[in-house]
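J.: Sharing a structure below in structure tokens format, with a few things to ask.
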2 protein chains.
Amino acid sequence: MKVPKPILRLIESFERLPGIGPKTAQRLTFHLLHFPQEDLQRFADSLVGLKTGTKLCSICKNVSETDICSVCSDSKRDERQIIVVSNPLDVFAIEKTNFSGVYHVLHGTIDPLNHVGPEELFIKELKQRLEDLFTQSSKPVEIILGTNTSLEGESTAMYISRLLRDLGYNEDKVVITRIARGLPVGGDIEYADDITLKRALEGRANY
Amino acid sequence: MKVPKPILRLIESFERLPGIGPKTAQRLTFHLLHFPQEDLQRFADSLVGLKTGTKLCSICKNVSETDICSVCSDSKRDERQIIVVSNPLDVFAIEKTNFSGVYHVLHGTIDPLNHVGPEELFIKELKQRLEDLFTQSSKPVEIILGTNTSLEGESTAMYISRLLRDLGYNEDKVVITRIARGLPVGGDIEYADDITLKRALEGRANY
């Protein structure tokens, strides 16, 4: 028995998404068979419109509807406190903390095993952005390295930190910080892994 | 900070799918931002084409590209052995077992809590199908009740079984069987739940 081609095609489309295996792709496709055609059309339109309706902010490279995103164009935000993150989802997470600085979205992490080098990320745009900031004013800039605490995230943070120092930005000009690594709030010391616990001790603060 | 509308729209579309929560919908949407526009277009086309390119087989109600599906139009299959299943995915699963009969797809199970009664399912089409078969020949027909072994599946099986007997199809005309309930192959008696084990004992066969 042959599976109808329109069904196979949609199953294949779903399978290309991360975390969706053949079984889930099948289940989603057969579920969609019960949707009215207009809902399928709306879903399709939102897929096509995803990239045509958005662009990358020319300053921070976050996804935006306008040339300059709502964060970068907000005069109440501190444009000299820049948190460097790997992707737009990180921006949404950090926005919930009432962070008052601005962002720089790299769109990835350095990951040699998957052929992602520094050139594939928006790192030279970060260099350019710092140059522009210092032509406007000589006040110091803080770069918060807000990449993941995974191996790739740490290497990316380290790469950027070294690059900025190599470019001659000393601590008086560019303060480089890294988000704290420690126990998550509500966490149990008993169950913490040793690397996290080691970092939590190293990062201890006055109380 | 506002999330761009095209992104929100796609997140909402994904959230309507079963088993996809807000976090997964976000992750899928941002992953798709890295897709080339032509791949998004292909995905969109397959969504729109899902229902326009398929129809329900006029005999067994399975999803098909043609008016009569490839199973029902196959003369090598026994049209007098009909397995009644809840949805097209069940057909694909059973096809892997080299089943040589044909199908009848109900497109659901009786589920009063979710307002699905017998009228919402293709049950009257099954009645009609039996009538048609008996006008062609008076040879007996086997109806295998192949609904899930869940509460809803069992009620649906019981409903159909009673309905056929009430219609006057006695055991000489319509043999009604139910797929076996027992230990899955490779299963441990030690870990089987009591209802399954009870069914496995009741369904024991000569060896």
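In the structure tokens, the first chain shown is A, the next is B, and so on; residue numbers restart at 1 for each chain, and ligands run from 1 in the order shown.
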For Lys127 of chain B, work out the shell of residues within 12 Å, counting only C-alpha atoms and skipping chain neighbours fewer than 3 positions away, then give it as a VMD selection string.
T.: chain B and resid 59 to 60 84 104 106 121 to 124 130 to 134 143 160 to 161 163 to 169 174
J.: Save out the residues we just selected, C-alpha atoms, as a short mmCIF file (atom, residue, chain, number, x, y, z; two decimals), in the first residue's frame.
T.:
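Output file again.cif follows:
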```cif
data_model
loop_
_atom_site.label_atom_id
_atom_site.label_comp_id
_atom_site.auth_asym_id
_atom_site.auth_seq_id
_atom_site.Cartn_x
_atom_site.Cartn_y
_atom_site.Cartn_z
CA ILE B 59 -15.11 2.28 0.19
CA CYS B 60 -12.86 2.17 3.27
CA VAL B 84 -12.15 -1.66 11.59
CA HIS B 104 -12.54 0.40 7.39
CA LEU B 106 -13.73 5.22 11.46
CA LEU B 121 -17.63 8.32 12.89
CA PHE B 122 -17.90 6.38 9.63
CA ILE B 123 -20.08 3.69 11.24
CA LYS B 124 -23.16 3.97 9.02
CA LEU B 130 -21.86 -4.87 4.69
CA GLU B 131 -25.19 -4.53 2.90
CA ASP B 132 -23.38 -4.08 -0.42
CA LEU B 133 -21.16 -7.10 0.25
CA PHE B 134 -24.17 -9.31 0.97
CA ILE B 143 -15.16 -7.99 10.98
CA ILE B 160 -19.99 -1.81 16.69
CA SER B 161 -20.22 -5.43 17.78
CA LEU B 163 -24.86 -2.79 16.44
CA LEU B 164 -24.04 -5.55 13.94
CA ARG B 165 -25.78 -8.19 16.03
CA ASP B 166 -28.80 -5.88 16.47
CA LEU B 167 -28.94 -5.48 12.69
CA GLY B 168 -29.53 -9.23 12.51
CA TYR B 169 -26.10 -10.28 11.26
CA VAL B 174 -20.71 -11.90 10.16
#
```
J.: For segment 30-102 of chain B against segment 9-28 of chain A, with a cut-off of 12 Å and counting only C-alpha atoms, what is the closest atom pair and its distance in Å to one decimal for every residue that makes the cut, ordered by chain and number, as JSON lines?
T.:
```
{"residue": "B:Phe30", "atom": "CA", "partner": "A:Leu17", "partner_atom": "CA", "distance": 10.7}
{"residue": "B:His31", "atom": "CA", "partner": "A:Leu17", "partner_atom": "CA", "distance": 7.6}
{"residue": "B:Leu32", "atom": "CA", "partner": "A:Leu17", "partner_atom": "CA", "distance": 7.9}
{"residue": "B:Leu33", "atom": "CA", "partner": "A:Leu17", "partner_atom": "CA", "distance": 11.5}
{"residue": "B:His34", "atom": "CA", "partner": "A:Leu17", "partner_atom": "CA", "distance": 11.1}
{"residue": "B:Phe35", "atom": "CA", "partner": "A:Leu17", "partner_atom": "CA", "distance": 10.1}
{"residue": "B:Asp39", "atom": "CA", "partner": "A:Ser13", "partner_atom": "CA", "distance": 8.7}
{"residue": "B:Leu40", "atom": "CA", "partner": "A:Ser13", "partner_atom": "CA", "distance": 9.1}
{"residue": "B:Gln41", "atom": "CA", "partner": "A:Ser13", "partner_atom": "CA", "distance": 10.6}
{"residue": "B:Arg42", "atom": "CA", "partner": "A:Ser13", "partner_atom": "CA", "distance": 8.0}
{"residue": "B:Phe43", "atom": "CA", "partner": "A:Ser13", "partner_atom": "CA", "distance": 5.6}
{"residue": "B:Ala44", "atom": "CA", "partner": "A:Leu10", "partner_atom": "CA", "distance": 9.0}
{"residue": "B:Asp45", "atom": "CA", "partner": "A:Leu10", "partner_atom": "CA", "distance": 8.8}
{"residue": "B:Ser46", "atom": "CA", "partner": "A:Leu10", "partner_atom": "CA", "distance": 5.2}
{"residue": "B:Leu47", "atom": "CA", "partner": "A:Leu10", "partner_atom": "CA", "distance": 6.4}
{"residue": "B:Val48", "atom": "CA", "partner": "A:Leu10", "partner_atom": "CA", "distance": 9.5}
{"residue": "B:Gly49", "atom": "CA", "partner": "A:Leu10", "partner_atom": "CA", "distance": 8.7}
{"residue": "B:Leu50", "atom": "CA", "partner": "A:Leu10", "partner_atom": "CA", "distance": 7.1}
{"residue": "B:Lys51", "atom": "CA", "partner": "A:Leu10", "partner_atom": "CA", "distance": 10.7}
{"residue": "B:Gly53", "atom": "CA", "partner": "A:Arg9", "partner_atom": "CA", "distance": 10.9}
{"residue": "B:Thr54", "atom": "CA", "partner": "A:Arg9", "partner_atom": "CA", "distance": 12.0}
{"residue": "B:Asn87", "atom": "CA", "partner": "A:Arg27", "partner_atom": "CA", "distance": 10.6}
{"residue": "B:Pro88", "atom": "CA", "partner": "A:Arg27", "partner_atom": "CA", "distance": 10.1}
{"residue": "B:Leu89", "atom": "CA", "partner": "A:Arg27", "partner_atom": "CA", "distance": 7.7}
{"residue": "B:Asp90", "atom": "CA", "partner": "A:Arg27", "partner_atom": "CA", "distance": 10.8}
{"residue": "B:Phe92", "atom": "CA", "partner": "A:Gln26", "partner_atom": "CA", "distance": 10.2}
{"residue": "B:Ala93", "atom": "CA", "partner": "A:Lys23", "partner_atom": "CA", "distance": 11.0}
```
J.: Just list the residues in segment 13-159 of chain A DSSP gives alpha helix (DSSP H) on the backbone, as an MDAnalysis selection string.
T.: chainID A and resid 13:15 22:32 37:52 88:95 124:136 151:159
J.: For those residues, write C-alpha atoms to a file as a short mmCIF file (atom, residue, chain, number, x, y, z; two decimals), in the first residue's frame.
T.:
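Here's the written file part_13.cif:
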```cif
data_model
loop_
_atom_site.label_atom_id
_atom_site.label_comp_id
_atom_site.auth_asym_id
_atom_site.auth_seq_id
_atom_site.Cartn_x
_atom_site.Cartn_y
_atom_site.Cartn_z
CA SER A 13 8.76 18.65 5.79
CA PHE A 14 8.05 18.03 9.47
CA GLU A 15 10.92 15.55 9.76
CA PRO A 22 9.34 10.10 11.78
CA LYS A 23 6.61 9.05 14.24
CA THR A 24 5.87 12.58 15.43
CA ALA A 25 5.94 13.87 11.84
CA GLN A 26 3.32 11.24 10.93
CA ARG A 27 1.18 12.10 13.92
CA LEU A 28 1.28 15.84 13.17
CA THR A 29 0.47 15.29 9.50
CA PHE A 30 -2.53 13.08 10.19
CA HIS A 31 -3.72 15.51 12.83
CA LEU A 32 -3.61 18.33 10.27
CA GLN A 37 -8.40 24.14 4.68
CA GLU A 38 -8.36 27.81 5.74
CA ASP A 39 -6.34 26.96 8.85
CA LEU A 40 -3.83 25.06 6.73
CA GLN A 41 -3.65 28.09 4.43
CA ARG A 42 -3.03 30.40 7.42
CA PHE A 43 -0.26 28.09 8.69
CA ALA A 44 1.27 28.06 5.20
CA ASP A 45 1.09 31.85 4.94
CA SER A 46 2.83 32.26 8.28
CA LEU A 47 5.65 30.00 7.08
CA VAL A 48 6.14 31.97 3.87
CA GLY A 49 5.84 35.27 5.72
CA LEU A 50 8.32 34.31 8.43
CA LYS A 51 11.37 35.58 6.59
CA THR A 52 9.78 37.96 4.08
CA PRO A 88 17.15 35.57 19.27
CA LEU A 89 15.50 33.18 21.74
CA ASP A 90 18.12 34.21 24.31
CA VAL A 91 17.04 37.83 23.83
CA PHE A 92 13.43 36.94 24.68
CA ALA A 93 14.59 35.10 27.81
CA ILE A 94 16.79 37.98 28.99
CA GLU A 95 14.11 40.60 28.25
CA LYS A 124 33.04 41.39 12.99
CA GLU A 125 29.79 43.35 13.29
CA LEU A 126 30.45 43.52 17.04
CA LYS A 127 33.94 44.93 16.36
CA GLN A 128 32.45 47.53 14.03
CA ARG A 129 29.79 48.39 16.61
CA LEU A 130 32.45 49.06 19.27
CA GLU A 131 34.41 51.26 16.85
CA ASP A 132 31.26 53.27 16.13
CA LEU A 133 30.50 53.65 19.85
CA PHE A 134 34.00 54.97 20.54
CA THR A 135 33.84 57.50 17.72
CA GLN A 136 30.68 58.87 19.38
CA LEU A 151 31.46 23.88 25.87
CA GLU A 152 30.65 25.76 22.64
CA GLY A 153 29.22 28.72 24.53
CA GLU A 154 32.31 28.95 26.74
CA SER A 155 34.68 28.79 23.76
CA THR A 156 32.72 31.49 21.97
CA ALA A 157 32.85 33.69 25.08
CA MET A 158 36.57 33.10 25.42
CA TYR A 159 37.18 33.81 21.71
#
```
J.: For Ser64 of chain B, which residue among A:Lys139, A:Pro4, A:Ile110, A:Ile144 is the nearest when counting only C-alpha atoms?
T.: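 Of A:Lys139, A:Pro4, A:Ile110, A:Ile144, the one nearest Ser64 of chain B is A:Pro4, counting only C-alpha atoms.
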J.: Restricting the calculation to only C-alpha atoms: of B:Val3, B:Ile82, B:Val175, B:Val105, which residue gets closest to chain A?
T.: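 Looking only at the distances to chain A, the closest residue turns out to be B:Val3.
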J.: Just to confirm, what's the straight-line distance from atom CA of Pro118 of chain A to atom CA of Thr177 of chain A in Å (one decimal)?
T.: 19.6 Å
J.: So which residues of segment 15-207 of chain B fall under strand (DSSP E) by DSSP, listed as an MDAnalysis selection string?
T.: chainID B and resid 55:56 63:64 78:85 101:105 141:145 174:178
J.: Could you write out the selected residues, including N, CA and C atoms, as a CSV table (one decimal), in the first residue's frame?
T.:
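Just written: again_13.csv:
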```csv
chain,number,residue,atom,x,y,z
B,55,LYS,N,-8.1,12.5,-0.9
B,55,LYS,CA,-9.5,12.4,-0.6
B,55,LYS,C,-9.7,11.1,0.2
B,56,LEU,N,-10.9,10.9,0.7
B,56,LEU,CA,-11.2,9.7,1.4
B,56,LEU,C,-11.7,8.6,0.5
B,63,VAL,N,-7.4,7.7,3.8
B,63,VAL,CA,-6.9,8.8,3.0
B,63,VAL,C,-6.2,8.2,1.8
B,64,SER,N,-6.5,8.8,0.6
B,64,SER,CA,-6.0,8.2,-0.6
B,64,SER,C,-5.9,9.3,-1.7
B,78,ASP,N,-8.5,-9.8,0.4
B,78,ASP,CA,-9.8,-10.4,0.7
B,78,ASP,C,-10.8,-9.3,1.2
B,79,GLU,N,-11.7,-9.0,0.3
B,79,GLU,CA,-12.7,-7.9,0.6
B,79,GLU,C,-13.7,-8.3,1.7
B,80,ARG,N,-13.7,-9.6,2.0
B,80,ARG,CA,-14.7,-10.1,3.0
B,80,ARG,C,-14.0,-10.2,4.4
B,81,GLN,N,-12.8,-9.7,4.5
B,81,GLN,CA,-12.2,-9.7,5.9
B,81,GLN,C,-11.8,-8.2,6.1
B,82,ILE,N,-12.6,-7.6,6.9
B,82,ILE,CA,-12.5,-6.1,7.1
B,82,ILE,C,-12.0,-5.8,8.5
B,83,ILE,N,-10.9,-5.1,8.7
B,83,ILE,CA,-10.5,-4.7,10.0
B,83,ILE,C,-10.9,-3.2,10.2
B,84,VAL,N,-11.6,-3.0,11.3
B,84,VAL,CA,-12.2,-1.7,11.6
B,84,VAL,C,-11.1,-1.0,12.5
B,85,VAL,N,-10.6,0.2,12.0
B,85,VAL,CA,-9.6,0.9,12.8
B,85,VAL,C,-10.0,2.3,13.0
B,101,GLY,N,-6.4,-8.7,4.4
B,101,GLY,CA,-7.8,-8.2,4.2
B,101,GLY,C,-7.8,-6.8,3.8
B,102,VAL,N,-9.0,-6.1,4.1
B,102,VAL,CA,-9.1,-4.7,3.8
B,102,VAL,C,-9.5,-3.9,5.1
B,103,TYR,N,-9.6,-2.6,5.0
B,103,TYR,CA,-9.8,-1.8,6.1
B,103,TYR,C,-11.1,-1.1,6.1
B,104,HIS,N,-11.5,-0.6,7.3
B,104,HIS,CA,-12.5,0.4,7.4
B,104,HIS,C,-12.1,1.4,8.4
B,105,VAL,N,-11.9,2.6,8.0
B,105,VAL,CA,-11.4,3.7,8.9
B,105,VAL,C,-12.5,4.5,9.5
B,141,VAL,N,-18.7,-12.8,6.2
B,141,VAL,CA,-17.7,-11.7,6.3
B,141,VAL,C,-17.1,-11.7,7.7
B,142,GLU,N,-15.8,-11.5,7.8
B,142,GLU,CA,-15.2,-11.3,9.1
B,142,GLU,C,-15.0,-9.8,9.4
B,143,ILE,N,-15.4,-9.4,10.5
B,143,ILE,CA,-15.2,-8.0,11.0
B,143,ILE,C,-14.2,-8.1,12.1
B,144,ILE,N,-13.0,-7.6,11.9
B,144,ILE,CA,-12.0,-7.6,13.0
B,144,ILE,C,-12.0,-6.3,13.7
B,145,LEU,N,-12.3,-6.2,15.0
B,145,LEU,CA,-12.4,-4.9,15.6
B,145,LEU,C,-11.0,-4.5,16.0
B,174,VAL,N,-21.8,-12.8,9.8
B,174,VAL,CA,-20.7,-11.9,10.2
B,174,VAL,C,-20.0,-12.4,11.4
B,175,VAL,N,-18.7,-12.9,11.2
B,175,VAL,CA,-17.9,-13.3,12.3
B,175,VAL,C,-17.2,-12.0,12.9
B,176,ILE,N,-17.5,-11.7,14.1
B,176,ILE,CA,-16.8,-10.6,14.7
B,176,ILE,C,-15.7,-11.0,15.6
B,177,THR,N,-14.5,-10.5,15.4
B,177,THR,CA,-13.4,-10.8,16.2
B,177,THR,C,-12.7,-9.5,16.8
B,178,ARG,N,-11.9,-9.7,17.8
B,178,ARG,CA,-11.3,-8.5,18.4
B,178,ARG,C,-9.8,-8.9,18.4
```
J.: Using atom CA of Asn114 of chain B and atom CA of Thr147 of chain B as the two end points, give the distance in Å to one decimal.
T.: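 Taking atom CA of Asn114 of chain B as the start and atom CA of Thr147 of chain B as the end point, the length is 17.4 Å.
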J.: Give the answer as one residue: which of B:Ser137, B:Asn170, B:Asn206, B:Ser100 has the shortest atom-to-atom distance to chain A, using only C-alpha atoms?
T.: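 That would be B:Ser100, the residue with the smallest distance to chain A.
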